[in-house]
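Okay, structure first, notes after.
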Amino acid sequence: MAPHLRILPNDDSNRTLVENVHPADWVNPEPARCYNLVVIGAGTAGLVCAAGAAALGAKVALIERHLMGGDCLNYGCVPSKGIIRASRAISEARKGSEFGLHGMGHLSIDFGVAMERMRRIRAEISPNDSARRFRDELGVDLFFGNGSFTGPDSIEVEGKRLRFKRAAVCTGARAAAPPIPGIEEMGYLSNETVFSLTELPPRLAVIGGGPIGCELAQAFARLGSKVTILEYGSRLLPREDADAAAIVQQAMVRDGVELCLDARITGTAKRGADKLISVEHGGKRLELAVDEILVGVGRAPNLQGLDLEAAGIDYDPQLGIKVDDRLQSSNPKVFAAGDICFPFKFTHTTDALARILIANALFLGRQKSSALTIPWCTYTDPEVAHVGMYEADARARGIETITLTVPLSAVDRALLDGEAEGFARVHLKKGSDRILGGTIVARHAGEMINELSLAITNGLGLAAIGRTIHPYPTQAEAIRKLADAYNRTRLTPLVRKVLGAWLRWQRC
Ligand SMILES: Cc1cc2nc3c(=O)[nH]c(=O)nc-3n(C[C@H](O)[C@H](O)[C@H](O)COP(=O)(O)OP(=O)(O)OC[C@H]3O[C@@H](n4cnc5c(N)ncnc54)[C@H](O)[C@@H]3O)c2cc1C
């Protein structure tokens, strides 16, 4: 195995992973005369483009310079949810006495075992994204190496020239470097290195209170690190409703996460083994000493090495490749999908964009990315999931709304589960049951949001949800209760008067 492809730690699981997603003995094929589609980048976007196009009969080449599966499998969703699961088990055990489980005060946490479990499951998932599957089962010509444009209809990889009718740039994004003096020299963890840890950092600073920062801060705190979040803004999860973010914030504080909001980091330095962070906070200057720093301050597009100028493809260094609503770039033969071009950087969005790309690039489709209804979820405990518009979005578009909120404390199952912190909320177009958007804060909000997504995508109103029987007791009843709340808004004094008169007349 080439040394640059050793994923640390070099154990059986990681060797299996690499054997699947970048085999050491791989020999690039001889290129075909011309491809229907050449895809650069084999993360979610590239894999879905390549697999989908090949299944429809296209001659497809796929180029990957590092690991197939990209961020999601190797450095993102999969490993993060693996360790979040371990941290939840620990949190559950800590709450054991509430359920009559004693002795949990003396828990000993083996971080190494939790990480090993994550690596094992990641390796188990990896055959789906594997080089052999794409070559042998899907018939894709797979090339390992850096893909770069050499002209408007050609790409070079490892000295081989690939000609195309259409190309898809699916090169994703990476952790943006923080503009903090001294941090590069001192070294820090990003999503590309944090999942290689085998020992728990006793003190961890997490820079950035967005979804990635919050998920990992809470997980590491539960696994035993003393975690401090340093956030520039005045609250965590700035995109979410303030009361939703406040619930997560409280839960994190309970888990021992220290919050340093409105923080201005002015510098970093090393003192012995300590990493020192200088912070201005609330008019004071603080110095925080930690063992590791994890940075999650946004994503930067992977543009380097593509030579986009050679193909006349416009881009923005911060935002990535410029595409129109149909995902076409300034070069009409070249399209893009995923984190390289889209503001909503999620695996499921990327998957949906890749499907649009196939239709538009290969089959004269006219599908629009703006037509997608995109849900998302931050996998803290409790989770925060959202779909559609926020109230402010509706206001900005001049749409009058009514907002309904059901607290989880009104839902029997949430009480029984000891998970009553949170709520389900919808924004309706005023005077109708049309759902414009919704937010759910709940232990499994990511599962619950699908009902609202289904309704929005298919034009089903909240009344349709009200007519749908939900099993009792489930936390999803919170959503049916929203429909009950909507029905109550329809019970105007006039309707009540008419119904009362009818019932009086019915009485003998
Ligand atoms: C810590 C973390 C947790 C996350 N959790 C979630 C989650 O729970 N749910 C969710 O929906 N999303 C999550 N995401 C986001 C999700 O991982 C991304 O949205 C998704 O992976 C984007 O896929 P992509 O194909 O656009 O890009 P990537 O996955 O980044 O793939 C791009 C690929 O292109 C390759 N490449 C780049 N340049 C070249 C080149 N010139 N030549 C050849 N190859 C090249 C790269 O090596 C890479 O393999 C998470 C992200 C992170 C960082």
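Simple scheme: letters A, B, ... for chains in structure tokens order, numbers from 1 for residues in each chain, numbers from 1 for ligands in the order shown.
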Please provide as a list in words all residues within 7 Å of segment 297-309 of chain A, with the sequence filter that same-chain residues fewer than 6 positions apart are discarded (counting only C-alpha atoms).
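Near segment 297-309 of chain A, the qualifying residues are Gly147, Ser148, Phe149, Thr171, Gly172, Ala173, Arg174, Ala175, Ala176, Pro178, Ile207, Gly208, Gln318, Leu319, Gly320 and Ile340 of chain A.
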Check segment 204-257 of chain A with DSSP on the backbone and list each residue it calls strand (DSSP E or B), as a list in words.
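Residues of segment 204-257 of chain A classed as strand (DSSP E or B): Leu204, Ala205, Val206, Ile207, Lys226, Val227, Thr228, Ile229 and Leu230 of chain A.
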Dump as an mmCIF file, in the first residue's frame, selection limited to all heavy atoms:
```
data_model
loop_
_atom_site.group_PDB
_atom_site.id
_atom_site.type_symbol
_atom_site.label_atom_id
_atom_site.label_comp_id
_atom_site.auth_asym_id
_atom_site.auth_seq_id
_atom_site.Cartn_x
_atom_site.Cartn_y
_atom_site.Cartn_z
ATOM 1 N N LEU A 204 -10.266 19.302 25.091
ATOM 2 C CA LEU A 204 -10.455 19.541 23.659
ATOM 3 C C LEU A 204 -11.152 20.880 23.438
ATOM 4 O O LEU A 204 -12.196 21.132 24.043
ATOM 5 C CB LEU A 204 -11.330 18.418 23.067
ATOM 6 C CG LEU A 204 -11.718 18.533 21.587
ATOM 7 C CD1 LEU A 204 -10.514 18.316 20.669
ATOM 8 C CD2 LEU A 204 -12.809 17.492 21.239
ATOM 9 N N ALA A 205 -10.563 21.715 22.595
ATOM 10 C CA ALA A 205 -11.260 22.943 22.181
ATOM 11 C C ALA A 205 -11.879 22.682 20.820
ATOM 12 O O ALA A 205 -11.224 22.144 19.932
ATOM 13 C CB ALA A 205 -10.281 24.106 22.093
ATOM 14 N N VAL A 206 -13.135 23.030 20.686
ATOM 15 C CA VAL A 206 -13.809 22.903 19.385
ATOM 16 C C VAL A 206 -14.080 24.317 18.891
ATOM 17 O O VAL A 206 -14.797 25.085 19.543
ATOM 18 C CB VAL A 206 -15.131 22.103 19.515
ATOM 19 C CG1 VAL A 206 -15.871 22.077 18.185
ATOM 20 C CG2 VAL A 206 -14.844 20.690 20.003
ATOM 21 N N ILE A 207 -13.495 24.665 17.752
ATOM 22 C CA ILE A 207 -13.705 26.006 17.213
ATOM 23 C C ILE A 207 -14.828 25.936 16.188
ATOM 24 O O ILE A 207 -14.709 25.270 15.163
ATOM 25 C CB ILE A 207 -12.408 26.563 16.580
ATOM 26 C CG1 ILE A 207 -11.293 26.595 17.632
ATOM 27 C CG2 ILE A 207 -12.649 27.946 15.991
ATOM 28 C CD1 ILE A 207 -9.965 27.133 17.128
ATOM 29 N N LYS A 226 -12.798 17.018 28.384
ATOM 30 C CA LYS A 226 -13.295 18.309 28.870
ATOM 31 C C LYS A 226 -13.317 19.230 27.650
ATOM 32 O O LYS A 226 -12.279 19.672 27.170
ATOM 33 C CB LYS A 226 -12.355 18.837 29.952
ATOM 34 C CG LYS A 226 -12.765 20.170 30.456
ATOM 35 C CD LYS A 226 -12.148 20.523 31.782
ATOM 36 C CE LYS A 226 -12.511 21.950 32.193
ATOM 37 N NZ LYS A 226 -13.757 22.491 31.665
ATOM 38 N N VAL A 227 -14.543 19.488 27.151
ATOM 39 C CA VAL A 227 -14.683 20.177 25.863
ATOM 40 C C VAL A 227 -15.099 21.632 26.070
ATOM 41 O O VAL A 227 -15.980 21.928 26.869
ATOM 42 C CB VAL A 227 -15.747 19.470 24.980
ATOM 43 C CG1 VAL A 227 -15.945 20.224 23.668
ATOM 44 C CG2 VAL A 227 -15.340 18.033 24.697
ATOM 45 N N THR A 228 -14.437 22.525 25.326
ATOM 46 C CA THR A 228 -14.865 23.927 25.285
ATOM 47 C C THR A 228 -15.166 24.275 23.837
ATOM 48 O O THR A 228 -14.340 24.027 22.959
ATOM 49 C CB THR A 228 -13.737 24.866 25.784
ATOM 50 O OG1 THR A 228 -13.305 24.404 27.055
ATOM 51 C CG2 THR A 228 -14.218 26.299 25.885
ATOM 52 N N ILE A 229 -16.362 24.815 23.604
ATOM 53 C CA ILE A 229 -16.672 25.310 22.254
ATOM 54 C C ILE A 229 -16.375 26.802 22.206
ATOM 55 O O ILE A 229 -16.837 27.562 23.068
ATOM 56 C CB ILE A 229 -18.162 25.107 21.888
ATOM 57 C CG1 ILE A 229 -18.484 23.629 21.744
ATOM 58 C CG2 ILE A 229 -18.503 25.828 20.594
ATOM 59 C CD1 ILE A 229 -19.837 23.359 21.096
ATOM 60 N N LEU A 230 -15.614 27.206 21.207
ATOM 61 C CA LEU A 230 -15.344 28.621 20.979
ATOM 62 C C LEU A 230 -16.138 29.030 19.737
ATOM 63 O O LEU A 230 -15.894 28.505 18.648
ATOM 64 C CB LEU A 230 -13.853 28.844 20.745
ATOM 65 C CG LEU A 230 -12.966 28.425 21.925
ATOM 66 C CD1 LEU A 230 -11.532 28.265 21.495
ATOM 67 C CD2 LEU A 230 -13.070 29.444 23.043
#
```
Taking only residues of chain A that have an atom at most 6 Å from an atom of ligand 1, what is each one's shortest atom pair and its distance in Å to one decimal, using only C-alpha atoms and all ligand atoms, in chain and number order, as CSV?
```
residue,atom,partner,partner_atom_place_in_ligand_line,distance
A:Ile40,CA,ligand 1,43 (C),5.2
A:Gly41,CA,ligand 1,34 (O),3.2
A:Ala42,CA,ligand 1,33 (C),4.9
A:Gly43,CA,ligand 1,31 (O),3.3
A:Thr44,CA,ligand 1,25 (O),3.8
A:Ala45,CA,ligand 1,25 (O),3.7
A:Gly46,CA,ligand 1,25 (O),5.5
A:Ile63,CA,ligand 1,43 (C),5.1
A:Glu64,CA,ligand 1,44 (N),3.8
A:Arg65,CA,ligand 1,44 (N),4.1
A:His66,CA,ligand 1,47 (O),4.5
A:Leu67,CA,ligand 1,49 (O),5.2
A:Met68,CA,ligand 1,49 (O),5.4
A:Gly70,CA,ligand 1,49 (O),3.4
A:Asp71,CA,ligand 1,29 (O),3.8
A:Cys72,CA,ligand 1,17 (O),3.7
A:Gly76,CA,ligand 1,2 (C),3.4
A:Cys77,CA,ligand 1,5 (N),3.4
A:Ser80,CA,ligand 1,3 (C),5.8
A:Gly145,CA,ligand 1,43 (C),6.0
A:Asn146,CA,ligand 1,42 (N),3.8
A:Gly147,CA,ligand 1,42 (N),3.8
A:Ser148,CA,ligand 1,41 (N),5.8
A:Cys170,CA,ligand 1,25 (O),5.5
A:Thr171,CA,ligand 1,34 (O),3.5
A:Gly172,CA,ligand 1,27 (O),3.2
A:Ala173,CA,ligand 1,30 (O),4.9
A:Asn191,CA,ligand 1,1 (C),5.1
A:Ile212,CA,ligand 1,1 (C),5.4
A:Asn302,CA,ligand 1,38 (N),5.5
A:Gly305,CA,ligand 1,41 (N),5.1
A:Leu306,CA,ligand 1,41 (N),4.8
A:Gly338,CA,ligand 1,26 (O),3.4
A:Asp339,CA,ligand 1,26 (O),3.9
A:Ile340,CA,ligand 1,26 (O),5.9
A:Lys345,CA,ligand 1,19 (O),4.0
A:Phe346,CA,ligand 1,19 (O),3.4
A:Thr347,CA,ligand 1,11 (O),3.7
A:His348,CA,ligand 1,11 (O),5.1
A:Thr350,CA,ligand 1,26 (O),5.8
```
List the spatial neighbours of Val323 of chain A as a PDB file with N, CA and C atoms, in the first residue's frame - criterion: any atom at most 10 Å away, only C-alpha atoms, same-chain residues fewer than 4 positions off excluded.
```
ATOM      1  N   ILE A 313     -14.437  26.982 -17.250  1.00  0.00           N
ATOM      2  CA  ILE A 313     -15.457  26.781 -16.200  1.00  0.00           C
ATOM      3  C   ILE A 313     -15.298  27.876 -15.139  1.00  0.00           C
ATOM      4  N   ASP A 314     -16.341  28.666 -14.940  1.00  0.00           N
ATOM      5  CA  ASP A 314     -16.279  29.746 -13.947  1.00  0.00           C
ATOM      6  C   ASP A 314     -16.437  29.189 -12.536  1.00  0.00           C
ATOM      7  N   TYR A 315     -15.732  29.830 -11.606  1.00  0.00           N
ATOM      8  CA  TYR A 315     -15.841  29.390 -10.205  1.00  0.00           C
ATOM      9  C   TYR A 315     -15.585  30.560  -9.282  1.00  0.00           C
ATOM     10  N   LEU A 327     -27.707  22.880 -12.950  1.00  0.00           N
ATOM     11  CA  LEU A 327     -26.388  22.364 -12.571  1.00  0.00           C
ATOM     12  C   LEU A 327     -25.366  22.419 -13.696  1.00  0.00           C
ATOM     13  N   GLN A 328     -25.663  23.217 -14.719  1.00  0.00           N
ATOM     14  CA  GLN A 328     -24.739  23.361 -15.844  1.00  0.00           C
ATOM     15  C   GLN A 328     -23.772  24.511 -15.545  1.00  0.00           C
ATOM     16  N   SER A 329     -22.489  24.298 -15.896  1.00  0.00           N
ATOM     17  CA  SER A 329     -21.489  25.340 -15.642  1.00  0.00           C
ATOM     18  C   SER A 329     -21.394  26.263 -16.849  1.00  0.00           C
ATOM     19  N   SER A 330     -20.427  27.179 -16.806  1.00  0.00           N
ATOM     20  CA  SER A 330     -20.248  28.098 -17.944  1.00  0.00           C
ATOM     21  C   SER A 330     -19.749  27.350 -19.186  1.00  0.00           C
ATOM     22  N   ASN A 331     -19.222  26.160 -19.015  1.00  0.00           N
ATOM     23  CA  ASN A 331     -18.935  25.269 -20.157  1.00  0.00           C
ATOM     24  C   ASN A 331     -20.152  24.354 -20.304  1.00  0.00           C
ATOM     25  N   VAL A 334     -20.116  20.768 -19.250  1.00  0.00           N
ATOM     26  CA  VAL A 334     -19.662  20.404 -17.896  1.00  0.00           C
ATOM     27  C   VAL A 334     -20.714  20.800 -16.860  1.00  0.00           C
ATOM     28  N   PHE A 335     -21.060  19.830 -16.029  1.00  0.00           N
ATOM     29  CA  PHE A 335     -22.033  20.040 -14.964  1.00  0.00           C
ATOM     30  C   PHE A 335     -21.323  19.814 -13.616  1.00  0.00           C
ATOM     31  N   ALA A 336     -21.987  20.147 -12.538  1.00  0.00           N
ATOM     32  CA  ALA A 336     -21.403  19.888 -11.209  1.00  0.00           C
ATOM     33  C   ALA A 336     -22.518  19.508 -10.247  1.00  0.00           C
ATOM     34  N   ALA A 337     -22.150  18.750  -9.227  1.00  0.00           N
ATOM     35  CA  ALA A 337     -23.128  18.379  -8.182  1.00  0.00           C
ATOM     36  C   ALA A 337     -22.401  18.199  -6.858  1.00  0.00           C
ATOM     37  N   CYS A 341     -20.529  22.765  -5.396  1.00  0.00           N
ATOM     38  CA  CYS A 341     -21.294  23.853  -6.040  1.00  0.00           C
ATOM     39  C   CYS A 341     -22.551  24.243  -5.283  1.00  0.00           C
ATOM     40  N   PHE A 342     -22.908  23.539  -4.228  1.00  0.00           N
ATOM     41  CA  PHE A 342     -24.237  23.747  -3.644  1.00  0.00           C
ATOM     42  C   PHE A 342     -24.122  24.190  -2.187  1.00  0.00           C
TER      43      PHE A 342
END
```
Leu276 of chain A: which residues within 9 Å, counting only C-alpha atoms, same-chain residues fewer than 4 positions away excluded, as a ChimeraX atom specification?
/A:267-271,287-291
For the selection just defined, write its residues with N, CA and C atoms to a file, as a PDB file, in the first residue's frame.
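Output (part_2.pdb):
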```
ATOM      1  N   GLY A 267      -5.047  34.455  18.955  1.00  0.00           N
ATOM      2  CA  GLY A 267      -3.778  33.790  18.667  1.00  0.00           C
ATOM      3  C   GLY A 267      -3.690  32.436  19.333  1.00  0.00           C
ATOM      4  N   THR A 268      -2.677  31.687  18.926  1.00  0.00           N
ATOM      5  CA  THR A 268      -2.439  30.366  19.526  1.00  0.00           C
ATOM      6  C   THR A 268      -0.933  30.230  19.751  1.00  0.00           C
ATOM      7  N   ALA A 269      -0.589  29.412  20.699  1.00  0.00           N
ATOM      8  CA  ALA A 269       0.836  29.192  20.969  1.00  0.00           C
ATOM      9  C   ALA A 269       0.989  27.837  21.628  1.00  0.00           C
ATOM     10  N   LYS A 270       2.200  27.371  21.694  1.00  0.00           N
ATOM     11  CA  LYS A 270       2.478  26.076  22.317  1.00  0.00           C
ATOM     12  C   LYS A 270       3.255  26.323  23.605  1.00  0.00           C
ATOM     13  N   ARG A 271       2.875  25.625  24.694  1.00  0.00           N
ATOM     14  CA  ARG A 271       3.674  25.687  25.918  1.00  0.00           C
ATOM     15  C   ARG A 271       3.834  24.259  26.415  1.00  0.00           C
ATOM     16  N   GLU A 287      -6.980  32.818  28.420  1.00  0.00           N
ATOM     17  CA  GLU A 287      -6.065  31.884  27.763  1.00  0.00           C
ATOM     18  C   GLU A 287      -6.536  30.478  28.105  1.00  0.00           C
ATOM     19  N   LEU A 288      -6.827  29.719  27.060  1.00  0.00           N
ATOM     20  CA  LEU A 288      -7.358  28.367  27.259  1.00  0.00           C
ATOM     21  C   LEU A 288      -6.250  27.371  26.910  1.00  0.00           C
ATOM     22  N   ALA A 289      -5.967  26.465  27.845  1.00  0.00           N
ATOM     23  CA  ALA A 289      -4.932  25.443  27.577  1.00  0.00           C
ATOM     24  C   ALA A 289      -5.630  24.116  27.301  1.00  0.00           C
ATOM     25  N   VAL A 290      -5.313  23.523  26.154  1.00  0.00           N
ATOM     26  CA  VAL A 290      -5.954  22.257  25.780  1.00  0.00           C
ATOM     27  C   VAL A 290      -4.910  21.289  25.222  1.00  0.00           C
ATOM     28  N   ASP A 291      -5.369  20.039  25.013  1.00  0.00           N
ATOM     29  CA  ASP A 291      -4.473  19.041  24.417  1.00  0.00           C
ATOM     30  C   ASP A 291      -4.646  18.981  22.902  1.00  0.00           C
TER      31      ASP A 291
END
```
Quote the spacing between atom CA of Leu56 of chain A and atom CA of Ile358 of chain A in Å to one decimal place.
9.5 Å
As a PyMOL selection string, list the residues of segment 322-353 of chain A assigned to helix (DSSP H, G or I) by DSSP on the backbone atoms of this structure.
chain A and resi 347-353
Rank A:Lys165, A:Arg434, A:Arg239, A:Arg135 by their smallest atom-to-atom distance to Ala455 of chain A, using only C-alpha atoms, and report the top residue only.
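Closest to Ala455 of chain A, using only C-alpha atoms: A:Arg434.
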Tell me, as a VMD selection string, which residues lie within 7 Å of segment 405-418 of chain A, counting only C-alpha atoms; anything in the same chain fewer than 3 positions away does not count.
chain A and resid 421 to 426 473 to 475 477 to 478 481 to 482
Quick one: write out the picked residues with N, CA, C and O atoms as an mmCIF file, in the first residue's frame?
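And here is the file that came out, result-v9.cif:
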```cif
data_model
loop_
_atom_site.group_PDB
_atom_site.id
_atom_site.type_symbol
_atom_site.label_atom_id
_atom_site.label_comp_id
_atom_site.auth_asym_id
_atom_site.auth_seq_id
_atom_site.Cartn_x
_atom_site.Cartn_y
_atom_site.Cartn_z
ATOM 1 N N GLU A 421 -37.767 16.769 26.169
ATOM 2 C CA GLU A 421 -37.240 18.093 25.835
ATOM 3 C C GLU A 421 -37.296 18.277 24.331
ATOM 4 O O GLU A 421 -36.666 17.491 23.606
ATOM 5 N N GLY A 422 -37.992 19.279 23.878
ATOM 6 C CA GLY A 422 -38.046 19.496 22.437
ATOM 7 C C GLY A 422 -39.440 19.868 22.000
ATOM 8 O O GLY A 422 -40.342 20.060 22.823
ATOM 9 N N PHE A 423 -39.607 19.963 20.689
ATOM 10 C CA PHE A 423 -40.926 20.331 20.159
ATOM 11 C C PHE A 423 -41.019 19.958 18.690
ATOM 12 O O PHE A 423 -40.006 19.667 18.038
ATOM 13 N N ALA A 424 -42.262 19.970 18.211
ATOM 14 C CA ALA A 424 -42.501 19.873 16.767
ATOM 15 C C ALA A 424 -43.195 21.165 16.370
ATOM 16 O O ALA A 424 -44.081 21.647 17.092
ATOM 17 N N ARG A 425 -42.771 21.721 15.236
ATOM 18 C CA ARG A 425 -43.297 23.027 14.824
ATOM 19 C C ARG A 425 -43.534 23.041 13.321
ATOM 20 O O ARG A 425 -42.720 22.487 12.565
ATOM 21 N N VAL A 426 -44.644 23.639 12.924
ATOM 22 C CA VAL A 426 -44.853 23.875 11.486
ATOM 23 C C VAL A 426 -45.231 25.324 11.247
ATOM 24 O O VAL A 426 -45.840 25.971 12.103
ATOM 25 N N PRO A 473 -48.145 4.446 21.734
ATOM 26 C CA PRO A 473 -47.535 5.748 21.898
ATOM 27 C C PRO A 473 -46.266 5.851 21.053
ATOM 28 O O PRO A 473 -45.387 4.993 21.135
ATOM 29 N N THR A 474 -46.177 6.870 20.255
ATOM 30 C CA THR A 474 -44.948 7.153 19.507
ATOM 31 C C THR A 474 -44.672 8.650 19.612
ATOM 32 O O THR A 474 -45.592 9.440 19.806
ATOM 33 N N GLN A 475 -43.401 8.992 19.452
ATOM 34 C CA GLN A 475 -43.053 10.422 19.519
ATOM 35 C C GLN A 475 -43.573 11.155 18.281
ATOM 36 O O GLN A 475 -43.813 12.360 18.325
ATOM 37 N N GLU A 477 -46.354 11.134 17.215
ATOM 38 C CA GLU A 477 -47.685 11.695 17.494
ATOM 39 C C GLU A 477 -47.634 13.208 17.649
ATOM 40 O O GLU A 477 -48.651 13.890 17.492
ATOM 41 N N ALA A 478 -46.439 13.733 17.964
ATOM 42 C CA ALA A 478 -46.293 15.195 18.074
ATOM 43 C C ALA A 478 -46.735 15.842 16.764
ATOM 44 O O ALA A 478 -47.328 16.932 16.769
ATOM 45 N N LYS A 481 -50.417 15.793 16.472
ATOM 46 C CA LYS A 481 -50.978 16.801 17.380
ATOM 47 C C LYS A 481 -50.898 18.201 16.773
ATOM 48 O O LYS A 481 -51.701 19.073 17.100
ATOM 49 N N LEU A 482 -49.925 18.418 15.892
ATOM 50 C CA LEU A 482 -49.880 19.704 15.182
ATOM 51 C C LEU A 482 -51.145 19.859 14.338
ATOM 52 O O LEU A 482 -51.720 20.944 14.229
#
```
With only C-alpha atoms as the basis for distance, which of A:Phe195, A:Ala354, A:Ala483, A:Ile440 is at the shortest distance from Trp376 of chain A?
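The shortest atom-to-atom distance to Trp376 of chain A comes from A:Ile440.
Residues within 7 Å of Lys430 of chain A, counting only C-alpha atoms and excluding same-chain residues fewer than 2 positions away, are Glu400, Thr401, Ile402, Leu428 and Ser432 of chain A.
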Tell me, as a CSV table (one decimal) with C-alpha atoms, in the first residue's frame, which residues lie within 10 Å of segment 25-34 of chain A, counting only C-alpha atoms; anything in the same chain fewer than 6 positions away does not count.
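Contents of result_30.csv, freshly written:
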```
chain,number,residue,atom,x,y,z
A,1,MET,CA,0.0,0.0,0.0
A,2,ALA,CA,1.4,3.4,-0.9
A,19,GLU,CA,-8.6,-2.2,0.1
A,59,LYS,CA,-20.1,4.8,-21.1
A,60,VAL,CA,-18.8,6.3,-17.8
A,61,ALA,CA,-15.3,7.1,-16.4
A,63,ILE,CA,-11.8,9.6,-11.4
A,131,ALA,CA,-13.5,0.2,-6.6
A,132,ARG,CA,-14.3,-3.4,-7.5
A,135,ARG,CA,-15.7,-1.8,-12.1
A,141,ASP,CA,-14.0,2.7,-16.0
A,142,LEU,CA,-12.4,3.7,-12.7
A,143,PHE,CA,-9.2,5.8,-12.6
A,144,PHE,CA,-7.2,6.7,-9.5
A,145,GLY,CA,-5.3,9.9,-9.7
A,153,ASP,CA,-14.0,18.3,-23.7
A,154,SER,CA,-11.0,16.5,-22.2
A,157,VAL,CA,-5.6,11.6,-15.2
A,158,GLU,CA,-2.2,9.9,-14.5
A,160,LYS,CA,-4.1,9.4,-19.7
A,161,ARG,CA,-6.5,11.6,-21.7
A,162,LEU,CA,-10.2,11.1,-21.4
A,163,ARG,CA,-12.5,12.7,-24.0
A,164,PHE,CA,-16.1,13.4,-23.0
A,165,LYS,CA,-19.5,14.4,-24.3
A,166,ARG,CA,-20.4,15.5,-20.8
```
